[in-house]
Each structure stands twice: as structure tokens, then as C-alpha cells.
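What follows is a single structure, written as C-alpha cells, with notes after it.
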Amino acid sequence: MTRTFQGATVCLPDQIAEIGGPAQGSAQGEIVDASGRILAPAVIDLHGDAFERQVMPRPGTYFPHDVAALDTDRQLAANAIATAYLAITLG
């Protein structure tokens, strides 16, 4: 699928290029109105143990799952991880 983003701020590894208006040339595929949005590279973490470490940072120390999930979410965002598959040991 091809998408054309209009009006987004695009972040590339070596530069930030802001697109101020409609795409130049002929767009193919879906056109997405990205006005006021940021389009940036992100990572997908297919195997993460971060959540388990947030629930139990030390042996015998437990945090509620909602608190651990919020902290894990903050850490993922700070490291440009857009999607993460989290696991926790049961039992």
C-alpha cells in the first residue's frame, strides 16, 4: 500500500523536513491528511521483557500492573518504540 502524507512534519535520520502543503506530483494510493502530525521512524519490539521488570524490579518487590504499564509505556515512547509485545511470567 502506498500512502501520501500531506502537511506533516517528517523526521528522517539525518534531517527534519516539514511538508507545508499538498504533495507535489501525482499521489498514488491513499492520501492521509497529516496536518499537525509528526511522521517519524519508530521501532517494533517483538520480544520485550521490560514490563516484567517494571512489575517486579527487585525480588520480592511488586508494583500494580497499571502503574507498571504506564511506566513501560513512557519508556517505550522515550526510546521511539511504537509497538511492543510484552510478556510476564505467570505462576
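Following the order of the C-alpha cells, first chain is A, next is B, and so on, with residues numbered from 1 inside each chain and ligands from 1 in the order they appear.
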Need the shell around segment 52-69 of chain A: protein/DNA/RNA residues with any atom at most 7 Å away, counting only C-alpha atoms. Skip same-chain ones fewer than 3 positions apart. Format as an NGL selection string? :A and (49 or 72-73 or 87-88)
One decimal, in Å: what's the spacing between atom CA of Ala84 of chain A and atom CA of Ala40 of chain A?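 One can read the atom CA of Ala84 of chain A to atom CA of Ala40 of chain A distance as 16.7 Å.
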Please, what distance in Å, to one decimal, runs between atom CA of Val43 of chain A and atom CA of Ile81 of chain A?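 The value is 4.5 Å.
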Atom-to-atom span, atom CA of Leu86 of chain A and atom CA of Asp71 of chain A, Å: 13.0 Å
